[in-house]
file query-v8.txt (compact mmCIF, C-alpha atoms)
# COMPACT_ATOMS: atom_id res chain seq x y z
CA MET A 1 32.80 -104.70 4.95
CA ARG A 2 30.30 -106.26 7.31
CA VAL A 3 31.86 -108.03 10.29
CA LEU A 4 30.53 -109.89 13.34
CA GLN A 5 32.53 -110.47 16.53
CA LEU A 6 31.53 -113.73 18.24
CA ILE A 7 32.38 -114.45 21.88
CA ASP A 8 30.98 -116.89 24.46
CA SER A 9 30.85 -114.47 27.41
CA LEU A 10 30.99 -110.80 28.31
CA GLU A 11 32.51 -111.33 31.73
CA ILE A 12 35.74 -109.42 32.31
CA GLY A 13 38.64 -111.19 30.60
CA GLY A 14 41.22 -110.57 27.90
CA ALA A 15 39.45 -112.25 24.97
CA GLU A 16 36.13 -110.74 26.00
CA ARG A 17 37.61 -107.26 26.25
CA MET A 18 39.14 -107.64 22.80
CA ALA A 19 35.85 -108.75 21.25
CA VAL A 20 34.21 -105.57 22.55
CA ASN A 21 37.20 -103.45 21.49
CA TYR A 22 37.00 -104.85 17.97
CA ALA A 23 33.26 -104.27 17.66
CA ASN A 24 33.58 -100.66 18.83
CA ALA A 25 36.70 -99.84 16.81
CA LEU A 26 35.41 -101.34 13.56
CA HIS A 27 32.07 -99.56 13.94
CA LYS A 28 33.83 -96.33 13.00
CA ARG A 29 35.57 -97.85 9.98
CA VAL A 30 33.39 -100.46 8.22
CA GLU A 31 29.83 -100.62 6.95
CA VAL A 32 28.59 -102.94 9.71
CA SER A 33 30.36 -104.01 12.90
CA ALA A 34 28.23 -106.28 15.07
CA LEU A 35 28.74 -108.36 18.20
CA CYS A 36 27.15 -111.60 19.41
CA VAL A 37 27.64 -113.23 22.79
CA THR A 38 26.62 -116.88 22.86
CA ARG A 39 26.38 -118.07 26.46
CA LYS A 40 26.60 -115.43 29.17
CA GLU A 41 26.37 -111.65 29.35
CA GLY A 42 28.47 -109.68 31.82
CA GLN A 43 29.81 -106.30 32.89
CA LEU A 44 31.52 -105.67 29.55
CA LYS A 45 28.13 -105.25 27.91
CA THR A 46 28.02 -101.70 29.25
CA LEU A 47 31.11 -100.82 27.17
CA ILE A 48 29.55 -101.78 23.82
CA ASP A 49 28.84 -98.80 21.60
CA PRO A 50 25.02 -98.41 21.53
CA GLU A 51 25.11 -98.22 17.73
CA VAL A 52 26.81 -101.63 17.39
CA PRO A 53 24.21 -104.29 16.41
CA TYR A 54 24.12 -106.75 19.32
CA LEU A 55 22.71 -110.25 19.86
CA TYR A 56 22.63 -112.40 22.99
CA LEU A 57 21.98 -116.00 21.94
CA LYS A 58 21.35 -117.56 25.38
CA ARG A 59 22.95 -120.76 24.14
CA LYS A 60 22.13 -123.60 26.54
CA ARG A 61 24.17 -126.54 25.23
CA ARG A 62 27.09 -127.28 22.93
CA LEU A 63 24.86 -128.37 20.05
CA ASP A 64 22.01 -125.85 20.29
CA VAL A 65 20.20 -125.86 16.95
CA ALA A 66 17.86 -123.02 17.91
CA ALA A 67 20.83 -120.80 18.81
CA VAL A 68 22.51 -121.58 15.48
CA LEU A 69 19.36 -120.61 13.59
CA ARG A 70 18.97 -117.37 15.58
CA LEU A 71 22.55 -116.49 14.74
CA LYS A 72 21.97 -117.24 11.06
CA ARG A 73 18.96 -114.91 10.97
CA PHE A 74 21.03 -112.15 12.61
CA ILE A 75 23.80 -112.67 10.04
CA GLN A 76 21.31 -112.51 7.18
CA LYS A 77 19.58 -109.42 8.60
CA HIS A 78 22.87 -107.48 8.78
CA LYS A 79 24.36 -109.10 5.65
CA ILE A 80 27.45 -110.20 7.57
CA GLU A 81 30.42 -111.24 5.41
CA ILE A 82 32.94 -112.24 8.09
CA ILE A 83 32.64 -113.85 11.51
CA GLN A 84 35.61 -113.24 13.81
CA ALA A 85 35.18 -115.99 16.40
CA HIS A 86 37.13 -115.37 19.61
CA GLY A 87 38.43 -118.27 21.66
CA SER A 88 36.04 -121.17 22.18
CA SER A 89 33.22 -119.65 20.11
CA TYR A 90 34.70 -121.19 16.94
CA PHE A 91 32.48 -124.30 17.29
CA LEU A 92 29.24 -122.34 16.92
CA ALA A 93 30.83 -120.27 14.15
CA VAL A 94 31.59 -123.41 12.14
CA LEU A 95 28.02 -124.63 12.54
CA VAL A 96 26.53 -121.39 11.24
CA LYS A 97 29.05 -121.23 8.40
CA LEU A 98 27.91 -124.67 7.21
CA ILE A 99 24.39 -123.33 6.60
CA THR A 100 25.33 -119.82 5.40
CA PRO A 101 26.83 -119.84 1.89
CA GLY A 102 29.64 -117.37 1.30
CA LEU A 103 30.28 -116.59 4.97
CA LYS A 104 33.97 -116.26 5.88
CA LEU A 105 35.24 -117.44 9.26
CA ILE A 106 38.30 -116.12 11.11
CA TRP A 107 39.27 -117.79 14.36
CA HIS A 108 40.95 -115.45 16.87
CA ASP A 109 43.30 -117.42 19.12
CA HIS A 110 43.78 -115.78 22.54
CA PHE A 111 45.34 -118.86 24.19
CA GLY A 112 47.16 -117.62 27.28
CA ASN A 113 49.25 -120.70 28.04
CA SER A 114 51.53 -120.22 25.05
CA GLU A 115 54.51 -121.38 27.11
CA TYR A 116 52.90 -124.84 27.30
CA LEU A 117 51.66 -125.43 23.76
CA ALA A 118 52.98 -128.99 23.70
CA GLY A 119 50.22 -129.98 26.11
CA ARG A 120 47.42 -128.01 24.43
CA LYS A 121 44.30 -130.08 23.81
CA ALA A 122 43.25 -129.37 20.24
CA THR A 123 41.19 -132.30 18.98
CA SER A 124 38.15 -130.17 18.10
CA LEU A 125 40.31 -127.46 16.57
CA LYS A 126 42.07 -129.95 14.32
CA LEU A 127 38.75 -131.43 13.21
CA LEU A 128 37.18 -128.06 12.41
CA SER A 129 40.15 -125.97 11.26
CA SER A 130 39.48 -126.83 7.61
CA TYR A 131 36.48 -124.48 7.89
CA PHE A 132 38.65 -121.55 8.99
CA ASP A 133 39.35 -119.03 6.24
CA GLY A 134 42.01 -117.44 8.43
CA ILE A 135 43.41 -117.29 11.94
CA PHE A 136 44.43 -114.28 14.01
CA ALA A 137 46.83 -115.11 16.87
CA VAL A 138 47.90 -112.83 19.71
CA ASN A 139 51.55 -113.87 19.69
CA GLU A 140 54.12 -115.36 17.36
CA LYS A 141 54.28 -118.74 19.10
CA LEU A 142 50.57 -119.23 18.46
CA VAL A 143 51.02 -118.33 14.78
CA LEU A 144 53.64 -121.06 14.38
CA TRP A 145 51.47 -123.55 16.29
CA SER A 146 48.44 -122.91 14.07
CA LYS A 147 50.44 -123.25 10.88
CA GLN A 148 52.01 -126.50 12.05
CA LYS A 149 49.08 -128.13 13.86
CA LEU A 150 46.01 -126.73 12.11
CA LYS A 151 47.52 -126.31 8.63
CA VAL A 152 45.85 -122.93 8.08
CA LYS A 153 48.09 -120.93 5.76
CA LYS A 154 46.40 -117.57 6.31
CA THR A 155 47.45 -117.31 9.94
CA PHE A 156 48.53 -113.86 11.10
CA TYR A 157 50.04 -112.34 14.22
CA ILE A 158 47.63 -109.56 15.18
CA LYS A 159 48.59 -107.51 18.20
CA ASN A 160 46.06 -106.85 20.92
CA PHE A 161 45.24 -103.16 21.11
CA ILE A 162 43.87 -100.79 23.69
CA ALA A 163 41.00 -98.38 23.43
CA GLU A 164 41.53 -94.74 24.29
CA ALA A 165 42.03 -94.24 28.03
CA LEU A 166 39.04 -93.05 30.04
CA PRO A 167 39.24 -89.67 31.85
CA PHE A 168 41.31 -89.82 35.03
CA ASP A 169 39.15 -90.62 38.07
CA THR A 170 40.25 -88.12 40.71
CA ASP A 171 37.68 -89.47 43.20
CA PHE A 172 39.18 -92.96 43.40
CA GLU A 173 40.48 -93.53 46.93
CA ILE A 174 43.82 -95.30 47.24
CA SER A 175 45.80 -96.36 50.30
CA GLY A 176 49.56 -96.58 50.67
CA ALA A 177 52.66 -94.41 50.43
CA LYS A 178 53.27 -92.57 47.18
CA GLY A 179 55.98 -94.26 45.11
CA LYS A 180 55.35 -97.67 46.70
CA ARG A 181 51.85 -98.61 45.48
CA MET A 182 52.01 -101.69 43.25
CA VAL A 183 49.08 -102.75 41.09
CA CYS A 184 48.33 -106.08 39.44
CA VAL A 185 45.40 -106.44 37.03
CA ALA A 186 44.82 -110.17 36.51
CA ASN A 187 41.89 -112.53 37.08
CA LEU A 188 42.52 -115.10 39.81
CA ARG A 189 43.62 -117.98 37.57
CA PRO A 190 46.62 -120.33 38.00
CA GLN A 191 48.31 -118.99 34.86
CA LYS A 192 48.62 -115.56 36.53
CA ASN A 193 50.49 -117.03 39.55
CA HIS A 194 49.47 -114.54 42.21
CA HIS A 195 51.17 -116.78 44.78
CA MET A 196 54.54 -115.89 43.26
CA LEU A 197 53.59 -112.22 43.45
CA LEU A 198 52.70 -112.58 47.13
CA ASP A 199 55.98 -114.43 47.79
CA ALA A 200 57.85 -111.57 46.13
CA PHE A 201 55.82 -108.96 48.01
CA LYS A 202 56.73 -110.65 51.29
CA LEU A 203 60.42 -110.32 50.41
CA VAL A 204 59.96 -106.66 49.49
CA LEU A 205 58.32 -105.90 52.84
CA GLU A 206 61.29 -107.41 54.68
CA HIS A 207 63.35 -104.50 53.31
CA ASP A 208 60.67 -101.79 53.26
CA ALA A 209 57.34 -102.15 55.04
CA GLY A 210 55.94 -99.10 53.24
CA TYR A 211 54.95 -100.94 50.05
CA THR A 212 51.33 -101.82 49.32
CA LEU A 213 49.88 -104.24 46.76
CA HIS A 214 46.59 -103.53 44.96
CA LEU A 215 44.90 -106.42 43.15
CA PHE A 216 42.17 -106.23 40.51
CA GLY A 217 40.51 -109.24 38.90
CA SER A 218 37.57 -111.60 38.91
CA VAL A 219 37.31 -114.49 41.38
CA PRO A 220 36.15 -117.64 39.59
CA GLU A 221 34.85 -120.63 41.52
CA SER A 222 38.08 -122.63 41.56
CA LEU A 223 40.47 -124.20 44.04
CA TYR A 224 43.18 -121.77 42.98
CA ALA A 225 41.02 -118.70 43.63
CA LYS A 226 39.82 -120.13 46.93
CA SER A 227 43.35 -120.86 48.12
CA LEU A 228 44.51 -117.39 47.11
CA VAL A 229 41.67 -115.64 48.92
CA GLU A 230 42.36 -117.72 52.02
CA ARG A 231 46.04 -116.82 51.87
CA LEU A 232 45.24 -113.11 51.53
CA GLU A 233 43.21 -113.35 54.72
CA GLU A 234 45.84 -115.30 56.67
CA GLU A 235 49.15 -113.67 55.73
CA PRO A 236 50.61 -111.32 58.36
CA PHE A 237 51.06 -108.69 55.62
CA SER A 238 47.37 -108.84 54.66
CA LYS A 239 46.82 -105.25 55.82
CA SER A 240 49.20 -104.13 53.07
CA VAL A 241 47.24 -105.93 50.33
CA PHE A 242 44.06 -104.46 48.87
CA PHE A 243 41.76 -106.55 46.68
CA TYR A 244 39.14 -104.69 44.63
CA GLY A 245 37.63 -107.49 42.53
CA THR A 246 36.64 -106.58 38.98
CA TYR A 247 36.81 -102.94 37.97
CA LEU A 248 35.33 -102.08 34.61
CA LYS A 249 36.97 -98.70 33.97
CA ILE A 250 40.50 -99.64 34.95
CA SER A 251 42.21 -97.13 32.61
CA ALA A 252 40.63 -94.28 34.61
CA ILE A 253 42.41 -95.26 37.84
CA LEU A 254 45.73 -96.87 36.84
CA PRO A 255 47.62 -93.53 36.91
CA HIS A 256 47.03 -93.48 40.69
CA PHE A 257 49.54 -96.35 41.09
CA ASP A 258 53.33 -96.33 40.98
CA ILE A 259 54.31 -99.75 39.59
CA GLY A 260 52.38 -102.16 37.35
CA VAL A 261 53.20 -105.84 37.90
CA LEU A 262 52.41 -109.18 36.24
CA SER A 263 53.73 -112.47 37.67
CA SER A 264 52.30 -114.89 35.09
CA ASP A 265 53.67 -118.34 34.30
CA SER A 266 52.43 -117.90 30.74
CA GLU A 267 50.76 -115.25 28.59
CA GLY A 268 49.55 -114.48 25.10
CA LEU A 269 49.73 -110.69 24.81
CA PRO A 270 48.34 -109.34 28.10
CA LEU A 271 46.15 -106.27 27.92
CA ALA A 272 47.28 -105.33 31.43
CA LEU A 273 50.78 -104.53 30.13
CA LEU A 274 49.34 -102.24 27.47
CA GLU A 275 47.16 -100.54 30.07
CA TYR A 276 50.09 -100.02 32.47
CA GLY A 277 52.11 -98.46 29.67
CA GLN A 278 49.20 -96.30 28.56
CA ALA A 279 48.78 -95.09 32.16
CA GLY A 280 52.40 -93.96 32.32
CA ILE A 281 53.58 -96.14 35.20
CA PRO A 282 56.74 -98.32 35.37
CA VAL A 283 56.15 -101.95 34.42
CA ILE A 284 57.61 -105.20 35.77
CA THR A 285 56.56 -108.54 34.27
CA THR A 286 57.70 -112.12 33.89
CA ASP A 287 59.39 -112.87 30.58
CA VAL A 288 56.61 -114.93 28.99
CA GLY A 289 54.44 -114.76 25.89
CA GLN A 290 54.74 -111.48 24.02
CA CYS A 291 55.74 -109.46 27.10
CA ARG A 292 59.33 -108.86 25.97
CA ALA A 293 58.14 -107.62 22.58
CA VAL A 294 55.70 -105.22 24.25
CA LEU A 295 58.17 -103.69 26.72
CA GLY A 296 61.29 -103.54 24.57
CA ASP A 297 63.97 -101.82 26.67
CA PHE A 298 61.51 -99.69 28.63
CA GLY A 299 60.34 -102.06 31.36
CA LYS A 300 61.75 -104.80 33.60
CA LEU A 301 61.52 -108.49 32.71
CA VAL A 302 62.14 -111.26 35.26
CA PRO A 303 62.10 -115.06 34.93
CA ALA A 304 58.79 -116.82 35.56
CA GLN A 305 58.36 -118.55 38.93
CA ASN A 306 61.20 -116.59 40.51
CA PRO A 307 59.89 -114.48 43.41
CA ALA A 308 63.38 -113.36 44.46
CA ALA A 309 64.04 -111.83 41.02
CA LEU A 310 60.63 -110.16 41.03
CA ALA A 311 61.20 -108.75 44.52
CA GLU A 312 64.60 -107.37 43.49
CA ALA A 313 63.07 -105.69 40.42
CA ILE A 314 60.34 -104.12 42.57
CA ARG A 315 62.84 -102.77 45.10
CA ALA A 316 65.01 -101.41 42.28
CA SER A 317 62.03 -99.54 40.83
CA GLY A 318 61.56 -97.44 43.95
CA PHE A 319 60.73 -93.79 43.50
CA MET A 320 60.68 -92.20 40.06
CA THR A 321 64.02 -90.83 38.85
CA ASP A 322 64.70 -88.82 35.72
CA ASP A 323 66.01 -91.91 33.88
CA LYS A 324 62.97 -93.97 34.90
CA ALA A 325 60.65 -91.17 33.85
CA VAL A 326 62.26 -91.20 30.40
CA ASP A 327 61.71 -94.97 30.10
CA VAL A 328 58.09 -94.63 31.22
CA LYS A 329 57.49 -91.92 28.61
CA LYS A 330 59.13 -94.03 25.90
CA LEU A 331 57.04 -97.06 26.84
CA LYS A 332 53.85 -95.01 26.73
CA ASP A 333 54.77 -93.65 23.30
CA ARG A 334 55.61 -97.18 22.12
CA ILE A 335 52.29 -98.56 23.36
CA LEU A 336 50.24 -95.82 21.72
CA LEU A 337 52.16 -96.10 18.44
CA GLU A 338 52.38 -99.89 18.07
CA TYR A 339 49.42 -101.14 20.12
CA GLY A 340 46.96 -98.31 19.66
CA GLU A 341 43.63 -98.86 17.96
CA PRO A 342 44.35 -97.08 14.62
CA ILE A 343 47.45 -99.02 13.56
CA VAL A 344 46.15 -102.46 14.57
CA ILE A 345 42.70 -102.00 13.07
CA GLN A 346 44.24 -100.80 9.81
CA LYS A 347 46.16 -104.10 9.59
CA VAL A 348 43.07 -106.12 10.54
CA ILE A 349 40.98 -104.57 7.79
CA SER A 350 43.71 -105.35 5.26
CA LYS A 351 43.66 -108.99 6.40
CA TYR A 352 39.86 -109.08 6.12
CA ALA A 353 40.21 -107.94 2.52
CA GLU A 354 42.84 -110.59 1.83
CA ILE A 355 40.64 -113.33 3.30
CA ILE A 356 37.53 -112.17 1.42
call {"tool": "encode", "arguments": {"input": "query-v8.txt", "output": "structure tokens"}}
result
Amino acid sequence: MRVLQLIDSLEIGGAERMAVNYANALHKRVEVSALCVTRKEGQLKTLIDPEVPYLYLKRKRRLDVAAVLRLKRFIQKHKIEIIQAHGSSYFLAVLVKLITPGLKLIWHDHFGNSEYLAGRKATSLKLLSSYFDGIFAVNEKLVLWSKQKLKVKKTFYIKNFIAEALPFDTDFEISGAKGKRMVCVANLRPQKNHHMLLDAFKLVLEHDAGYTLHLFGSVPESLYAKSLVERLEEEPFSKSVFFYGTYLKISAILPHFDIGVLSSDSEGLPLALLEYGQAGIPVITTDVGQCRAVLGDFGKLVPAQNPAALAEAIRASGFMTDDKAVDVKKLKDRILLEYGEPIVIQKVISKYAEII
């Protein structure tokens, strides 16, 4: 098989991480595994296997004929059979399919607001979905939506997967008391609802001032991000909150922390949960998207937009006990077995064959 991953950006984000993960994982298992970024490169470029054929299109506008032709030449050079178009890159993928006979197109839906699908704007998707030979969706709600709204029969639930963890970074410096260091890996976007997390953290500190909160994620130019940064500077507990921005090799440092938290209003299948589990730390998350399916009985789920419930779950986590250690071990085993690279890629390759 000869497969191309298509993504609009290589900035740090869930869909972008998965595009790189797919290109690297498939490189070891198929004849050609290539990657093309259409609009903007970013830090994730450094994680691409040097043997993966790579193209940066420098696409300037929505209808960029020159970019489409460059992509076609790349496809012809590497004899690509399948384009796996992640997120918004499906538009360019359709254009190149129209002028490349025999090319198969799979759209990979990473839509994070799966709790609010009724309001999803999908005019372009509905117009172009007839060109999709298949759809991969990161949770079961998205599978149902695609079958109902886009009428694509070959729509499959494909779990996100994690790459092998990087070696533990013993030099990473971390503040806070052992057992009380919470970490949240989430870009500063409204969907992730950091304000709820801060509300919960404030309640936790009222009972135990020893807790610290460690935030990782990009800061887009948005009103939400601006308001959050301003709040972090103004809150009286700001000295207990540490913001690191983006951190490329997050799996190397997560074991330093004691609790992994997500406070999202909505999710698809968040990579952060898989990374927390892989790192062997207790996990607390809102009950949205595929989070319940990921954790099973080995993590804590709380209602979305409920800081009191989140604070209670954090306080209950406390220091590691024998029972909690067993749950952490079971979650790690579950993540590696069900969301590890080998099992997911095996399923993906079987779906490629079915679509071809």
call {"tool": "residues_around", "arguments": {"input": "query-v8.txt", "residues": "Gly260 (chain A)", "least_positions_apart": "3", "cutoff": "7 Å", "atoms": "only C-alpha atoms", "output": "PyMOL selection string"}}
result
chain A and resi 182-184+276+281-284
call {"tool": "residues_around", "arguments": {"input": "query-v8.txt", "residues": "Glu41 (chain A)", "least_positions_apart": "5", "cutoff": "7 Å", "atoms": "all atoms listed in the file", "output": "list in words"}}
result
Ser9, Leu10 and Glu11 of chain A
call {"tool": "residues_around", "arguments": {"input": "query-v8.txt", "residues": "region 138-142 of chain A", "least_positions_apart": "4", "cutoff": "8 Å", "atoms": "only C-alpha atoms", "output": "short mmCIF file (atom, residue, chain, number, x, y, z; two decimals) with C-alpha atoms, in the frame of the given file"}}
result
data_model
loop_
_atom_site.label_atom_id
_atom_site.label_comp_id
_atom_site.auth_asym_id
_atom_site.auth_seq_id
_atom_site.Cartn_x
_atom_site.Cartn_y
_atom_site.Cartn_z
CA HIS A 108 40.95 -115.45 16.87
CA ASP A 109 43.30 -117.42 19.12
CA HIS A 110 43.78 -115.78 22.54
CA PHE A 111 45.34 -118.86 24.19
CA SER A 114 51.53 -120.22 25.05
CA SER A 146 48.44 -122.91 14.07
CA TYR A 157 50.04 -112.34 14.22
CA ILE A 158 47.63 -109.56 15.18
CA LYS A 159 48.59 -107.51 18.20
CA ASN A 160 46.06 -106.85 20.92
CA GLY A 268 49.55 -114.48 25.10
CA LEU A 269 49.73 -110.69 24.81
CA GLY A 289 54.44 -114.76 25.89
CA GLN A 290 54.74 -111.48 24.02
#
call {"tool": "closest_residue", "arguments": {"input": "query-v8.txt", "among": "A:Lys45, A:Lys249, A:His27, A:Lys58", "to": "Glu164 (chain A)", "atoms": "all atoms listed in the file"}}
result
A:Lys249
call {"tool": "atom_distance", "arguments": {"input": "query-v8.txt", "atom1": "CA of Ala163 (chain A)", "atom2": "CA of Ala25 (chain A)"}}
result
8.0 Å
call {"tool": "closest_residue", "arguments": {"input": "query-v8.txt", "among": "A:Pro167, A:Gly13, A:Gly134, A:Pro220", "to": "Ile356 (chain A)", "atoms": "only C-alpha atoms"}}
result
A:Gly134
call {"tool": "residues_around", "arguments": {"input": "query-v8.txt", "residues": "region 121-130 of chain A", "least_positions_apart": "6", "cutoff": "9 Å", "atoms": "all atoms listed in the file", "output": "mmCIF file with C-alpha atoms, in the frame of the given file"}}
result
data_model
loop_
_atom_site.group_PDB
_atom_site.id
_atom_site.type_symbol
_atom_site.label_atom_id
_atom_site.label_comp_id
_atom_site.auth_asym_id
_atom_site.auth_seq_id
_atom_site.Cartn_x
_atom_site.Cartn_y
_atom_site.Cartn_z
ATOM 1 C CA TYR A 90 34.700 -121.190 16.940
ATOM 2 C CA PHE A 91 32.480 -124.300 17.290
ATOM 3 C CA VAL A 94 31.590 -123.410 12.140
ATOM 4 C CA TRP A 107 39.270 -117.790 14.360
ATOM 5 C CA LYS A 149 49.080 -128.130 13.860
ATOM 6 C CA LEU A 150 46.010 -126.730 12.110
ATOM 7 C CA LYS A 151 47.520 -126.310 8.630
ATOM 8 C CA VAL A 152 45.850 -122.930 8.080
#
call {"tool": "closest_residue", "arguments": {"input": "query-v8.txt", "among": "A:Leu254, A:Leu271, A:Ala304, A:Ile106", "to": "His195 (chain A)", "atoms": "only C-alpha atoms"}}
result
A:Ala304
call {"tool": "residues_around", "arguments": {"input": "query-v8.txt", "residues": "Leu95 (chain A)", "least_positions_apart": "3", "cutoff": "10 Å", "atoms": "all atoms listed in the file", "output": "MDAnalysis selection string"}}
result
chainID A and resid 63:65 68:69 72 90:92 98:100 128 131
call {"tool": "closest_residue", "arguments": {"input": "query-v8.txt", "among": "A:Lys104, A:Tyr56, A:Ile7, A:Ser89", "to": "Glu354 (chain A)", "atoms": "all atoms listed in the file"}}
result
A:Lys104
call {"tool": "atom_distance", "arguments": {"input": "query-v8.txt", "atom1": "CA of Ile83 (chain A)", "atom2": "CA of Tyr116 (chain A)"}}
result
27.9 Å
call {"tool": "closest_residue", "arguments": {"input": "query-v8.txt", "among": "A:Asn21, A:Leu301, A:Arg2, A:Arg59", "to": "Gln76 (chain A)", "atoms": "only C-alpha atoms"}}
result
A:Arg2
call {"tool": "closest_residue", "arguments": {"input": "query-v8.txt", "among": "A:Ala186, A:Ile343, A:Ile355, A:Ala225", "to": "Glu81 (chain A)", "atoms": "all atoms listed in the file"}}
result
A:Ile355
call {"tool": "atom_distance", "arguments": {"input": "query-v8.txt", "atom1": "CA of Pro270 (chain A)", "atom2": "CA of Ile250 (chain A)"}}
result
14.2 Å
call {"tool": "decode", "arguments": {"input": "query-v8.txt", "residues": "region 268-281 of chain A", "atoms": "N, CA and C atoms", "output": "PDB file, in the first residue's frame"}}
result
ATOM      1  N   GLY A 268     -13.475  14.582  21.320  1.00  0.00           N
ATOM      2  CA  GLY A 268     -13.585  13.456  20.417  1.00  0.00           C
ATOM      3  C   GLY A 268     -13.053  12.244  21.159  1.00  0.00           C
ATOM      4  N   LEU A 269     -11.748  11.986  20.981  1.00  0.00           N
ATOM      5  CA  LEU A 269     -11.033  11.000  21.787  1.00  0.00           C
ATOM      6  C   LEU A 269      -9.686  11.642  22.116  1.00  0.00           C
ATOM      7  N   PRO A 270      -9.586  12.287  23.287  1.00  0.00           N
ATOM      8  CA  PRO A 270      -8.416  13.130  23.572  1.00  0.00           C
ATOM      9  C   PRO A 270      -7.133  12.331  23.774  1.00  0.00           C
ATOM     10  N   LEU A 271      -6.103  12.728  23.061  1.00  0.00           N
ATOM     11  CA  LEU A 271      -4.799  12.097  23.216  1.00  0.00           C
ATOM     12  C   LEU A 271      -4.258  12.267  24.627  1.00  0.00           C
ATOM     13  N   ALA A 272      -4.606  13.381  25.272  1.00  0.00           N
ATOM     14  CA  ALA A 272      -4.088  13.628  26.625  1.00  0.00           C
ATOM     15  C   ALA A 272      -4.463  12.490  27.573  1.00  0.00           C
ATOM     16  N   LEU A 273      -5.675  11.969  27.463  1.00  0.00           N
ATOM     17  CA  LEU A 273      -6.079  10.855  28.333  1.00  0.00           C
ATOM     18  C   LEU A 273      -5.196   9.640  28.107  1.00  0.00           C
ATOM     19  N   LEU A 274      -4.920   9.347  26.838  1.00  0.00           N
ATOM     20  CA  LEU A 274      -4.071   8.203  26.520  1.00  0.00           C
ATOM     21  C   LEU A 274      -2.671   8.418  27.073  1.00  0.00           C
ATOM     22  N   GLU A 275      -2.191   9.646  26.985  1.00  0.00           N
ATOM     23  CA  GLU A 275      -0.837   9.948  27.476  1.00  0.00           C
ATOM     24  C   GLU A 275      -0.773   9.873  29.004  1.00  0.00           C
ATOM     25  N   TYR A 276      -1.819  10.344  29.699  1.00  0.00           N
ATOM     26  CA  TYR A 276      -1.853  10.213  31.156  1.00  0.00           C
ATOM     27  C   TYR A 276      -1.791   8.735  31.549  1.00  0.00           C
ATOM     28  N   GLY A 277      -2.636   7.937  30.890  1.00  0.00           N
ATOM     29  CA  GLY A 277      -2.662   6.515  31.202  1.00  0.00           C
ATOM     30  C   GLY A 277      -1.344   5.840  30.912  1.00  0.00           C
ATOM     31  N   GLN A 278      -0.747   6.178  29.787  1.00  0.00           N
ATOM     32  CA  GLN A 278       0.559   5.617  29.413  1.00  0.00           C
ATOM     33  C   GLN A 278       1.623   5.981  30.437  1.00  0.00           C
ATOM     34  N   ALA A 279       1.514   7.194  31.013  1.00  0.00           N
ATOM     35  CA  ALA A 279       2.500   7.669  31.987  1.00  0.00           C
ATOM     36  C   ALA A 279       2.331   7.030  33.362  1.00  0.00           C
ATOM     37  N   GLY A 280       1.200   6.363  33.581  1.00  0.00           N
ATOM     38  CA  GLY A 280       0.990   5.708  34.865  1.00  0.00           C
ATOM     39  C   GLY A 280       0.592   6.646  35.986  1.00  0.00           C
ATOM     40  N   ILE A 281      -0.233   7.661  35.663  1.00  0.00           N
ATOM     41  CA  ILE A 281      -0.727   8.563  36.700  1.00  0.00           C
ATOM     42  C   ILE A 281      -2.258   8.473  36.751  1.00  0.00           C
TER      43      ILE A 281
END
